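Some notes on the structure that comes next.
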Amino acid sequence: MHDTKSAKAAAGRESAAGYSRVLLKISGEGFCREGSFGIEAPELDTIARQCAEVAQLGVQLAIVVGGGNFIRGATFAEDGNIPRATADYMGMLATVLNAVALQETMEKMGQPTRVQSALGVYSVCEPFIRRRAVRHLEKGRVLILAGGTGNPFFTTDTCAALRATEIGADVLLKGTKVDGIYSADPKQDPKARMLQNISYEHVLAEKLRVMDLTAITLCMERKIPLVVFNLKTPGNLAKVIRGQNVGTKIVPK
């Protein structure tokens with residue numbers, strides 16, 4: 001009964017004005033220029049301004065941040081002597097740095113935010129509690145989710161799919177540095193074309209590297225649409241939420 005009511009509520013929100021409750025996944029690389037490291041002020045400002053803009057339109061916005069601009073757990077474990085589980089926890093802590101930086105930047109723009117973490121970092125943010133998370137959204141606060149799922153061996157992409165399910169998001173948006181999903185690598189194949197609308201089944205059959213398999217499977221099973229778009233282009237986030245043809249939309253059959 002609860003799932004049915006949630007589905008009807010989500011459908012009502014989407015039909016009213018594009019998407020109304022949104023989960024945005026931002027990779028750690030979004031916080032710096034390509035090939036750089038850490039957090040760079042211009043990149044952070046671009047992300048924060050776009051997020052504040054859509055929140056001030058009345059959109060309920062939750063954001064899952066990655067930490068790859070500081071450390072990638074899987075790669076770090078392979079290259080060094082750190083066990084994979086420990087490396088993954090280090091990556092989760094890196095997401096807290098990005099979340100707090102994004103929070104401070106957005107609040108200077110006048111947009112109230114809350115940071116919740118799946119890892120206990122009580123001095124700087126709240127623990128993730130689903131009912132409290134939904135209440136923050138209902139009160140017009142942007143919710144920034146850090147710490148991944150709180151467990152090693154799961155990516156922040158999987159975290160994004162999980163949290164989108166938990167909060168009843170209308171759509172999962174993946175903000176990247178590319179315009180969408182292409183039929184081939186556009187850097188290597190001049191005939192590559194961007195795909196505007198595809199199914200999850202197509203993503204799985206063609207082994208398209210959109211998100212990890214766990215995230216894709218969860219979105220497909222819960223029938224959550226996914227839009228992959230270029231967050232580096234100012235204004236793109238608002239266009240996606242309004243339902244304009246930006247990026248690639250992935251839906252269940």
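We label chains A, B, ... in the order they appear in the structure tokens, count residues from 1 in each chain, and number ligands from 1 in the order shown.
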Surrounding residues of segment 224-234 of chain A excluding itself and chain neighbours under 4 positions, 7 Å, only C-alpha atoms, as a VMD selection string: chain A and resid 46 50 170 to 180 219 to 220 246 to 251
DSSP strand (DSSP E) residues within segment 92-241 of chain A, as a count of residues only: 30
Which residue of A:Thr113, A:Asn98, A:Gln196, A:Ser123 approaches Cys51 of chain A most closely, using only C-alpha atoms: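 Checking each of A:Thr113, A:Asn98, A:Gln196, A:Ser123 against Cys51 of chain A, counting only C-alpha atoms, the winner is A:Thr113.
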Point-to-point distance in Å for atom CA of Tyr89 of chain A and atom CA of Gly150 of chain A: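 Calculated distance between atom CA of Gly150 of chain A and atom CA of Tyr89 of chain A is 7.9 Å.
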Sel. of alpha helix (DSSP H) residues, segment 20-230 of chain A, as a count of residues only: 85
Which residue of A:Val142, A:Ile167, A:Val203, A:Ile47 approaches Gly110 of chain A most closely, using only C-alpha atoms: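 Of the candidates, the smallest distance to Gly110 of chain A is held by A:Val142.
Closest approach to Leu24 of chain A among A:Ile181, A:Thr156, A:Ala77, A:Lys108 is made by A:Thr156 (distances from only C-alpha atoms).
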Nearest to Leu162 of chain A by atom-to-atom distance, counting only C-alpha atoms, from A:Met194, A:Ala205, A:Val64, A:Val96: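 Of A:Met194, A:Ala205, A:Val64, A:Val96, the one nearest Leu162 of chain A is A:Val64, counting only C-alpha atoms.
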Test item: residues at most 7 Å from Ala118 of chain A, only C-alpha atoms, excluding those fewer than 4 positions along its chain, as a count of residues only: 7
